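Have a look at the structure below, then the notes.
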Amino acid sequence: MAYWNARQYLKFEDERTRPPRDLLAQVPLRHPRRVLDLGCGPGNSTELLVERFPDAEIAGLDSSPDMLREARQRLPQCSFIEANMTAWTPEPDTELLFGNAVFQWVPDHERVMRGLLAALPAGGVLAVQMPDNTRELVTALQRDVAARGPWAGDPRIKAAARADLPSPEAYYDLLKPVCTAVDIWHCVYNHVMDSPQAIVEWFKGSSLRPYLAALDAASREAFLAAYSEKIAEAYKPRFDGKLLLRFPRLFIVAVR
Ligand SMILES: C[S@@+](CC[C@H](N)C(=O)[O-])C[C@H]1O[C@@H](n2cnc3c(N)ncnc32)[C@H](O)[C@@H]1O
């Protein structure tokens with residue numbers, strides 16, 4: 001498992017925090033007693049929960065010590081739990097489970113979602129956002145570089161690409177039988193990036209991690225150089241030199 005690095009992740013904090021804002025805006029709860037931020041990372045999504053629900057007891061859960069260190073510094077008033085969410089049962093009176101940009105990293109996440117939903121009381125909410133960008137150039141080029149370099153035969157490199165997300169229909173059929181309402185939507189962001197290198201830096205904090213973790217230092221440099229070259233070819237500068245990073249994301253708000 002590749003380690004998470006809070007500093008790398010936070011290089012694009014503003015852009016990365018917009019989807020959890022958009023997700024939270026659709027959560028139909030006014031005064032939840034207990035809220036859990038699953039995969040809270042450095043606490044950027046937890047902070048939104050604190051602002052929206054000042055009276056709630058809010059906790060963050062993450063498996064990365066580096067992310068949790070950052071989150072604890074940022075929000076000393078919250079409790080943070082180091083745990084793997086696949087083996088976690090929320091406290092019985094938890095009314096909101098908020099999972100922004102985490103379920104795509106969880107093996108068999110559909111089963112995990114169902115299990116977490118089952119732990120919610122009637123009216124409780126599971127709110128989820130996942131990048132749905134496996135068909136975008138930016139991730140296709142990662143697979144391209146992975147398939148062509150000297151590392152191509154390494155099973156860890158072969159396993160590093162994320163699978164496509166299931167369809168909205170599949171999530172509806174999965175969740176609705178145990179929910180009173182399921183709201184699913186997509187949002188496509190067009191992030192303004194300064195340079196091709198900025199795009200590479202963004203993904204060093206997320207989907208490039210499993211590739212880079214499988215390589216030694218020299219191969220890592222070679223992988224990043226090949227990827228940077230492809231990104232520069234694929235993303236053309238706009239009139240002011242900036243690039244637009246197209247980024248589709250899938251949102252789910254499921255009410256028990
Ligand atoms: C992309 S970050 C999301 C951070 C934050 N929620 C946000 O909205 O920007 C994903 C986080 O999920 C955590 N994570 C991944 N798999 C996990 C698991 N099985 N259990 C707990 N945390 C996990 C990682 O450590 C990382 O901090």
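Ordered as shown in the structure tokens, chains take letters A, B, and onward, while each chain numbers its residues from 1 and ligands are numbered from 1 in the order shown.
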Next item on the list: Would you mind listing what lies within 7 Å of segment 114-123 of chain A as a PyMOL selection string, with only C-alpha atoms counted and same-chain residues fewer than 6 positions away left out?
Entry: chain A and resi 89-90+92-95+175+255-256
Margin query: From a backbone DSSP assignment, name each residue in segment 8-243 of chain A labelled strand (DSSP E), as a VMD selection string.
Written below: chain A and resid 34 to 38 57 to 62 79 to 82 94 to 100 125 to 131 181 to 193 243
Output N, CA and C atoms for every residue in that selection, as a short mmCIF file (atom, residue, chain, number, x, y, z; two decimals), in the first residue's frame.
```cif
data_model
loop_
_atom_site.label_atom_id
_atom_site.label_comp_id
_atom_site.auth_asym_id
_atom_site.auth_seq_id
_atom_site.Cartn_x
_atom_site.Cartn_y
_atom_site.Cartn_z
N ARG A 34 -24.27 12.79 15.73
CA ARG A 34 -22.91 12.29 15.56
C ARG A 34 -22.60 12.14 14.07
N VAL A 35 -21.42 12.59 13.68
CA VAL A 35 -21.02 12.60 12.27
C VAL A 35 -19.63 11.97 12.17
N LEU A 36 -19.44 11.11 11.16
CA LEU A 36 -18.12 10.50 10.97
C LEU A 36 -17.62 10.78 9.56
N ASP A 37 -16.43 11.37 9.47
CA ASP A 37 -15.81 11.65 8.18
C ASP A 37 -14.88 10.48 7.84
N LEU A 38 -15.35 9.65 6.92
CA LEU A 38 -14.58 8.45 6.55
C LEU A 38 -13.47 8.83 5.57
N GLU A 57 -21.30 16.00 17.31
CA GLU A 57 -20.04 15.39 17.71
C GLU A 57 -19.41 14.86 16.42
N ILE A 58 -18.26 15.40 16.06
CA ILE A 58 -17.69 15.07 14.74
C ILE A 58 -16.35 14.37 14.92
N ALA A 59 -16.21 13.24 14.22
CA ALA A 59 -14.95 12.50 14.27
C ALA A 59 -14.48 12.24 12.85
N GLY A 60 -13.18 12.09 12.70
CA GLY A 60 -12.60 11.70 11.42
C GLY A 60 -11.92 10.36 11.56
N LEU A 61 -11.99 9.56 10.51
CA LEU A 61 -11.34 8.25 10.53
C LEU A 61 -10.47 8.13 9.29
N ASP A 62 -9.25 7.65 9.47
CA ASP A 62 -8.35 7.47 8.33
C ASP A 62 -7.32 6.41 8.69
N SER A 79 -12.27 14.49 17.32
CA SER A 79 -11.49 13.28 17.59
C SER A 79 -11.18 12.60 16.27
N PHE A 80 -9.99 12.03 16.20
CA PHE A 80 -9.57 11.36 14.97
C PHE A 80 -9.14 9.94 15.30
N ILE A 81 -9.57 9.02 14.46
CA ILE A 81 -9.38 7.59 14.72
C ILE A 81 -8.52 7.01 13.60
N GLU A 82 -7.46 6.29 13.99
CA GLU A 82 -6.66 5.60 12.97
C GLU A 82 -7.25 4.20 12.80
N THR A 94 -24.65 7.31 15.20
CA THR A 94 -24.07 8.10 14.11
C THR A 94 -25.15 8.34 13.06
N GLU A 95 -25.34 9.60 12.70
CA GLU A 95 -26.42 9.93 11.75
C GLU A 95 -25.91 10.33 10.38
N LEU A 96 -24.63 10.66 10.27
CA LEU A 96 -24.06 10.98 8.96
C LEU A 96 -22.70 10.31 8.79
N LEU A 97 -22.60 9.53 7.73
CA LEU A 97 -21.31 8.98 7.32
C LEU A 97 -20.92 9.71 6.04
N PHE A 98 -19.82 10.44 6.09
CA PHE A 98 -19.41 11.29 4.98
C PHE A 98 -18.12 10.71 4.41
N GLY A 99 -18.14 10.30 3.16
CA GLY A 99 -16.95 9.68 2.58
C GLY A 99 -16.56 10.38 1.29
N ASN A 100 -15.73 11.41 1.40
CA ASN A 100 -15.34 12.15 0.20
C ASN A 100 -13.99 11.68 -0.32
N VAL A 125 -27.71 9.16 7.04
CA VAL A 125 -27.28 9.43 5.66
C VAL A 125 -25.85 8.93 5.42
N LEU A 126 -25.69 8.29 4.27
CA LEU A 126 -24.34 7.98 3.76
C LEU A 126 -24.11 8.89 2.55
N ALA A 127 -23.11 9.75 2.62
CA ALA A 127 -22.82 10.68 1.53
C ALA A 127 -21.43 10.37 0.98
N VAL A 128 -21.37 10.17 -0.34
CA VAL A 128 -20.14 9.66 -0.96
C VAL A 128 -19.82 10.45 -2.23
N GLN A 129 -18.55 10.73 -2.42
CA GLN A 129 -18.08 11.28 -3.70
C GLN A 129 -16.85 10.50 -4.11
N MET A 130 -16.81 10.13 -5.40
CA MET A 130 -15.63 9.43 -5.92
C MET A 130 -15.25 10.01 -7.28
N PRO A 131 -13.95 10.15 -7.56
CA PRO A 131 -13.55 10.53 -8.91
C PRO A 131 -14.05 9.48 -9.90
N ALA A 181 -34.33 6.87 0.22
CA ALA A 181 -34.05 7.74 -0.92
C ALA A 181 -32.59 7.61 -1.32
N VAL A 182 -32.34 7.62 -2.62
CA VAL A 182 -30.96 7.58 -3.12
C VAL A 182 -30.84 8.62 -4.24
N ASP A 183 -29.95 9.57 -4.04
CA ASP A 183 -29.73 10.64 -5.01
C ASP A 183 -28.33 10.43 -5.60
N ILE A 184 -28.26 10.30 -6.92
CA ILE A 184 -26.96 10.06 -7.58
C ILE A 184 -26.79 11.08 -8.68
N TRP A 185 -25.64 11.74 -8.74
CA TRP A 185 -25.39 12.68 -9.82
C TRP A 185 -23.90 12.76 -10.14
N HIS A 186 -23.63 13.31 -11.32
CA HIS A 186 -22.25 13.56 -11.73
C HIS A 186 -22.01 15.06 -11.81
N CYS A 187 -20.79 15.43 -11.61
CA CYS A 187 -20.40 16.82 -11.81
C CYS A 187 -19.05 16.76 -12.53
N VAL A 188 -18.91 17.55 -13.60
CA VAL A 188 -17.62 17.60 -14.30
C VAL A 188 -16.98 18.96 -14.01
N TYR A 189 -15.88 18.93 -13.30
CA TYR A 189 -15.13 20.16 -13.01
C TYR A 189 -14.12 20.38 -14.14
N ASN A 190 -13.82 21.64 -14.39
CA ASN A 190 -12.73 21.98 -15.33
C ASN A 190 -11.74 22.84 -14.56
N HIS A 191 -10.80 22.18 -13.92
CA HIS A 191 -9.87 22.92 -13.06
C HIS A 191 -8.84 23.67 -13.91
N VAL A 192 -8.60 24.93 -13.53
CA VAL A 192 -7.62 25.73 -14.26
C VAL A 192 -6.24 25.44 -13.66
N MET A 193 -5.36 24.90 -14.49
CA MET A 193 -4.04 24.50 -14.01
C MET A 193 -2.97 25.38 -14.64
N LEU A 243 -4.07 25.56 -18.45
CA LEU A 243 -4.63 24.32 -19.01
C LEU A 243 -5.91 24.00 -18.25
#
```
Item checked: All residues having an atom within 7 Å of ligand 1 (only C-alpha atoms and all ligand atoms) as number ranges by chain -> A: 4, 16-17, 20, 38-45, 61-64, 67, 83-86, 99-102, 105-106, 206
Restricting it to N, CA, C and O atoms, dump the selection as a compact mmCIF listing (two decimals), in the first residue's frame.
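Everything below was put into part-v9.txt:
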```
# COMPACT_ATOMS: atom_id res chain seq x y z
N TRP A 4 0.18 7.72 2.08
CA TRP A 4 -0.40 9.01 1.73
C TRP A 4 0.49 10.11 2.28
O TRP A 4 1.05 9.98 3.37
N ARG A 16 -9.52 20.42 -4.39
CA ARG A 16 -9.94 19.13 -3.85
C ARG A 16 -11.08 19.28 -2.84
O ARG A 16 -11.79 18.32 -2.55
N THR A 17 -11.25 20.47 -2.28
CA THR A 17 -12.28 20.66 -1.27
C THR A 17 -13.61 21.11 -1.88
O THR A 17 -14.63 21.15 -1.22
N PRO A 20 -16.33 18.01 -1.86
CA PRO A 20 -17.03 17.76 -0.59
C PRO A 20 -18.00 18.88 -0.22
O PRO A 20 -19.03 18.63 0.42
N LEU A 38 -15.35 9.65 6.92
CA LEU A 38 -14.58 8.45 6.55
C LEU A 38 -13.47 8.83 5.57
O LEU A 38 -13.74 9.52 4.58
N GLY A 39 -12.25 8.40 5.81
CA GLY A 39 -11.14 8.81 4.93
C GLY A 39 -10.97 10.31 5.02
O GLY A 39 -10.91 10.99 4.00
N CYS A 40 -10.89 10.81 6.24
CA CYS A 40 -10.90 12.27 6.47
C CYS A 40 -9.66 12.96 5.92
O CYS A 40 -9.65 14.18 5.77
N GLY A 41 -8.60 12.19 5.62
CA GLY A 41 -7.38 12.81 5.09
C GLY A 41 -6.86 13.87 6.04
O GLY A 41 -6.92 13.73 7.27
N PRO A 42 -6.41 15.02 5.50
CA PRO A 42 -5.80 16.05 6.35
C PRO A 42 -6.83 16.91 7.08
O PRO A 42 -6.46 17.93 7.68
N GLY A 43 -8.10 16.55 7.02
CA GLY A 43 -9.12 17.28 7.79
C GLY A 43 -9.83 18.36 6.99
O GLY A 43 -10.68 19.06 7.55
N ASN A 44 -9.54 18.48 5.71
CA ASN A 44 -10.21 19.51 4.90
C ASN A 44 -11.70 19.24 4.79
O ASN A 44 -12.53 20.16 4.92
N SER A 45 -12.09 17.97 4.60
CA SER A 45 -13.52 17.65 4.53
C SER A 45 -14.14 17.71 5.93
O SER A 45 -15.28 18.15 6.10
N LEU A 61 -11.99 9.56 10.51
CA LEU A 61 -11.34 8.25 10.53
C LEU A 61 -10.47 8.13 9.29
O LEU A 61 -10.91 8.48 8.19
N ASP A 62 -9.25 7.65 9.47
CA ASP A 62 -8.35 7.47 8.33
C ASP A 62 -7.32 6.41 8.69
O ASP A 62 -7.01 6.21 9.87
N SER A 63 -6.78 5.75 7.65
CA SER A 63 -5.77 4.74 7.92
C SER A 63 -4.35 5.30 7.83
O SER A 63 -3.39 4.59 8.10
N SER A 64 -4.21 6.57 7.44
CA SER A 64 -2.87 7.13 7.24
C SER A 64 -2.43 8.00 8.42
O SER A 64 -3.04 9.04 8.69
N MET A 67 -1.73 11.68 7.32
CA MET A 67 -2.94 12.48 7.14
C MET A 67 -3.54 12.84 8.50
O MET A 67 -3.96 13.99 8.72
N ALA A 83 -7.84 3.93 11.66
CA ALA A 83 -8.48 2.63 11.44
C ALA A 83 -8.71 2.41 9.96
O ALA A 83 -8.70 3.36 9.16
N ASN A 84 -8.90 1.15 9.62
CA ASN A 84 -9.29 0.79 8.26
C ASN A 84 -10.82 0.75 8.20
O ASN A 84 -11.44 0.00 8.96
N MET A 85 -11.41 1.55 7.35
CA MET A 85 -12.87 1.65 7.37
C MET A 85 -13.57 0.36 6.93
O MET A 85 -14.75 0.19 7.20
N THR A 86 -12.82 -0.53 6.27
CA THR A 86 -13.47 -1.79 5.85
C THR A 86 -13.81 -2.66 7.06
O THR A 86 -14.64 -3.55 6.97
N GLY A 99 -18.14 10.30 3.16
CA GLY A 99 -16.95 9.68 2.58
C GLY A 99 -16.56 10.38 1.29
O GLY A 99 -17.04 10.01 0.21
N ASN A 100 -15.73 11.41 1.40
CA ASN A 100 -15.34 12.15 0.20
C ASN A 100 -13.99 11.68 -0.32
O ASN A 100 -12.98 11.78 0.38
N ALA A 101 -13.99 11.17 -1.55
CA ALA A 101 -12.75 10.76 -2.24
C ALA A 101 -12.04 9.64 -1.51
O ALA A 101 -10.81 9.63 -1.42
N VAL A 102 -12.80 8.72 -0.94
CA VAL A 102 -12.15 7.59 -0.26
C VAL A 102 -12.62 6.23 -0.79
O VAL A 102 -11.80 5.31 -0.94
N TRP A 105 -10.73 3.97 -3.20
CA TRP A 105 -9.50 3.28 -2.77
C TRP A 105 -9.81 1.99 -2.02
O TRP A 105 -8.88 1.27 -1.62
N VAL A 106 -11.08 1.72 -1.76
CA VAL A 106 -11.44 0.61 -0.88
C VAL A 106 -11.84 -0.61 -1.72
O VAL A 106 -12.78 -0.52 -2.51
N SER A 206 -2.51 11.53 -5.67
CA SER A 206 -3.66 10.60 -5.68
C SER A 206 -3.39 9.40 -6.60
O SER A 206 -2.66 8.49 -6.20
```
Check: When you draw a straight line from atom CA of Phe12 of chain A to atom CA of Pro166 of chain A, how long is it in Å?
Finding: 26.7 Å
Lys242 of chain A surroundings by only C-alpha atoms, 9 Å radius, close-in-sequence under 4 positions cut, as a compact mmCIF listing (two decimals) with all heavy atoms, in the first residue's frame:
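So part.txt came out as:
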```
# COMPACT_ATOMS: atom_id res chain seq x y z
N VAL A 192 -8.60 24.93 -13.53
CA VAL A 192 -7.62 25.73 -14.26
C VAL A 192 -6.24 25.44 -13.66
O VAL A 192 -5.99 25.70 -12.48
CB VAL A 192 -7.95 27.24 -14.12
CG1 VAL A 192 -6.92 28.07 -14.87
CG2 VAL A 192 -9.36 27.51 -14.65
N MET A 193 -5.36 24.90 -14.49
CA MET A 193 -4.04 24.50 -14.01
C MET A 193 -2.97 25.38 -14.64
O MET A 193 -3.09 25.78 -15.80
CB MET A 193 -3.77 23.03 -14.38
CG MET A 193 -4.86 22.06 -13.94
SD MET A 193 -5.09 21.97 -12.15
CE MET A 193 -3.65 21.03 -11.66
N ASP A 194 -1.91 25.63 -13.88
CA ASP A 194 -0.87 26.55 -14.36
C ASP A 194 0.00 25.97 -15.47
O ASP A 194 0.54 26.71 -16.29
CB ASP A 194 0.06 26.95 -13.19
CG ASP A 194 -0.64 27.94 -12.28
OD1 ASP A 194 -1.58 28.62 -12.74
OD2 ASP A 194 -0.24 28.04 -11.10
N SER A 195 0.19 24.64 -15.44
CA SER A 195 1.16 24.05 -16.37
C SER A 195 0.93 22.54 -16.43
O SER A 195 0.24 21.98 -15.56
CB SER A 195 2.58 24.29 -15.83
OG SER A 195 2.69 23.64 -14.56
N PRO A 196 1.54 21.87 -17.42
CA PRO A 196 1.46 20.39 -17.43
C PRO A 196 2.02 19.80 -16.14
O PRO A 196 1.49 18.83 -15.60
CB PRO A 196 2.32 20.00 -18.64
CG PRO A 196 2.36 21.22 -19.50
CD PRO A 196 2.25 22.40 -18.59
N LYS A 236 -3.43 21.10 -24.14
CA LYS A 236 -2.92 22.29 -24.84
C LYS A 236 -3.23 23.55 -24.04
O LYS A 236 -4.33 23.70 -23.49
CB LYS A 236 -3.58 22.40 -26.23
CG LYS A 236 -3.22 21.24 -27.14
CD LYS A 236 -1.71 21.23 -27.42
CE LYS A 236 -1.30 20.01 -28.22
NZ LYS A 236 0.07 19.54 -27.90
N PRO A 237 -2.27 24.49 -24.00
CA PRO A 237 -2.50 25.73 -23.25
C PRO A 237 -3.63 26.54 -23.85
O PRO A 237 -3.80 26.56 -25.08
CB PRO A 237 -1.18 26.49 -23.39
CG PRO A 237 -0.24 25.61 -24.12
CD PRO A 237 -0.95 24.41 -24.62
N ARG A 238 -4.41 27.20 -22.99
CA ARG A 238 -5.45 28.12 -23.45
C ARG A 238 -4.78 29.45 -23.84
O ARG A 238 -3.56 29.58 -23.78
CB ARG A 238 -6.51 28.36 -22.36
CG ARG A 238 -7.17 27.14 -21.72
CD ARG A 238 -7.43 25.98 -22.66
NE ARG A 238 -8.01 26.35 -23.93
CZ ARG A 238 -7.88 25.65 -25.06
NH1 ARG A 238 -7.17 24.55 -25.10
NH2 ARG A 238 -8.44 26.07 -26.15
```
Check: Got a sec to tell me which of segment 89-200 of chain A DSSP assigns to alpha helix (DSSP H), as a PyMOL selection string?
Finding: chain A and resi 109-118+137-148+155-158+168-175+196-200
Next item on the list: Counting only C-alpha atoms, figure out which residue out of A:Arg30, A:Arg7, A:Arg18, A:Arg135 gets nearest to Ala71 of chain A.
Entry: A:Arg7
Notebook entry, point to check: With distances taken over only C-alpha atoms, which of A:Leu250, A:Lys204, A:Val27, A:Leu141 is nearest to Ala232 of chain A?
Noted result: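 Of the candidates, the smallest distance to Ala232 of chain A is held by A:Leu141.
Put simply, atom CA of Phe53 of chain A is 15.5 Å away from atom CA of Asp22 of chain A.
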Item checked: d(atom CA of Gln26 of chain A, atom CA of Thr139 of chain A) in Å ->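 Result for atom CA of Gln26 of chain A versus atom CA of Thr139 of chain A: 28.2 Å, one decimal.
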Tell me, as an mmCIF file with N, CA and C atoms, in the first residue's frame, which residues lie within 10 Å of segment 209-222 of chain A, counting only C-alpha atoms; anything in the same chain fewer than 6 positions away does not count.
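Written file, out25.cif:
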```
data_model
loop_
_atom_site.group_PDB
_atom_site.id
_atom_site.type_symbol
_atom_site.label_atom_id
_atom_site.label_comp_id
_atom_site.auth_asym_id
_atom_site.auth_seq_id
_atom_site.Cartn_x
_atom_site.Cartn_y
_atom_site.Cartn_z
ATOM 1 N N MET A 1 0.849 -1.197 0.000
ATOM 2 C CA MET A 1 0.000 0.000 0.000
ATOM 3 C C MET A 1 0.883 1.245 0.000
ATOM 4 N N ALA A 2 0.643 2.157 -0.931
ATOM 5 C CA ALA A 2 1.436 3.383 -1.004
ATOM 6 C C ALA A 2 1.020 4.334 0.109
ATOM 7 N N TYR A 3 2.033 4.954 0.758
ATOM 8 C CA TYR A 3 1.703 5.877 1.844
ATOM 9 C C TYR A 3 1.093 7.160 1.300
ATOM 10 N N TRP A 4 0.179 7.719 2.080
ATOM 11 C CA TRP A 4 -0.401 9.010 1.730
ATOM 12 C C TRP A 4 0.485 10.112 2.280
ATOM 13 N N ASN A 5 0.572 11.204 1.544
ATOM 14 C CA ASN A 5 1.396 12.321 1.958
ATOM 15 C C ASN A 5 0.513 13.561 2.000
ATOM 16 N N GLN A 142 -1.600 7.530 -17.707
ATOM 17 C CA GLN A 142 -0.887 6.772 -16.647
ATOM 18 C C GLN A 142 -0.790 5.298 -17.050
ATOM 19 N N ARG A 143 -1.900 4.757 -17.538
ATOM 20 C CA ARG A 143 -1.907 3.334 -17.943
ATOM 21 C C ARG A 143 -0.973 3.118 -19.132
ATOM 22 N N VAL A 145 1.788 4.851 -19.925
ATOM 23 C CA VAL A 145 3.190 4.850 -19.481
ATOM 24 C C VAL A 145 3.494 3.532 -18.755
ATOM 25 N N ALA A 146 2.536 3.091 -17.941
ATOM 26 C CA ALA A 146 2.738 1.849 -17.178
ATOM 27 C C ALA A 146 2.926 0.656 -18.121
ATOM 28 N N GLY A 149 6.839 1.027 -20.355
ATOM 29 C CA GLY A 149 8.202 1.175 -19.817
ATOM 30 C C GLY A 149 8.800 -0.165 -19.422
ATOM 31 N N PRO A 150 10.046 -0.125 -18.912
ATOM 32 C CA PRO A 150 10.716 -1.348 -18.457
ATOM 33 C C PRO A 150 9.999 -2.002 -17.271
ATOM 34 N N TRP A 151 9.106 -1.245 -16.641
ATOM 35 C CA TRP A 151 8.351 -1.718 -15.469
ATOM 36 C C TRP A 151 7.085 -2.475 -15.862
ATOM 37 N N ASP A 154 5.882 -5.740 -14.171
ATOM 38 C CA ASP A 154 5.783 -5.786 -12.704
ATOM 39 C C ASP A 154 4.307 -5.904 -12.293
ATOM 40 N N PRO A 155 3.968 -6.977 -11.560
ATOM 41 C CA PRO A 155 2.552 -7.159 -11.204
ATOM 42 C C PRO A 155 1.981 -5.999 -10.383
ATOM 43 N N ARG A 156 2.830 -5.317 -9.601
ATOM 44 C CA ARG A 156 2.304 -4.177 -8.815
ATOM 45 C C ARG A 156 1.949 -3.014 -9.732
ATOM 46 N N ILE A 157 2.710 -2.868 -10.819
ATOM 47 C CA ILE A 157 2.396 -1.813 -11.797
ATOM 48 C C ILE A 157 1.104 -2.189 -12.533
ATOM 49 N N LYS A 158 0.988 -3.476 -12.875
ATOM 50 C CA LYS A 158 -0.232 -3.905 -13.574
ATOM 51 C C LYS A 158 -1.470 -3.700 -12.705
ATOM 52 N N ALA A 159 -1.289 -3.826 -11.390
ATOM 53 C CA ALA A 159 -2.442 -3.713 -10.475
ATOM 54 C C ALA A 159 -2.698 -2.270 -10.038
ATOM 55 N N ALA A 160 -1.855 -1.328 -10.506
ATOM 56 C CA ALA A 160 -1.922 0.034 -9.943
ATOM 57 C C ALA A 160 -3.087 0.862 -10.482
ATOM 58 N N ALA A 161 -3.581 0.515 -11.675
ATOM 59 C CA ALA A 161 -4.663 1.335 -12.256
ATOM 60 C C ALA A 161 -5.975 1.057 -11.525
ATOM 61 N N ARG A 162 -6.747 2.111 -11.327
ATOM 62 C CA ARG A 162 -8.063 1.935 -10.701
ATOM 63 C C ARG A 162 -9.052 1.385 -11.708
ATOM 64 N N PHE A 203 -1.710 14.638 -9.511
ATOM 65 C CA PHE A 203 -1.943 13.191 -9.450
ATOM 66 C C PHE A 203 -0.854 12.439 -8.674
ATOM 67 N N SER A 228 4.958 13.132 -17.747
ATOM 68 C CA SER A 228 4.935 14.591 -17.914
ATOM 69 C C SER A 228 4.954 14.941 -19.403
#
```
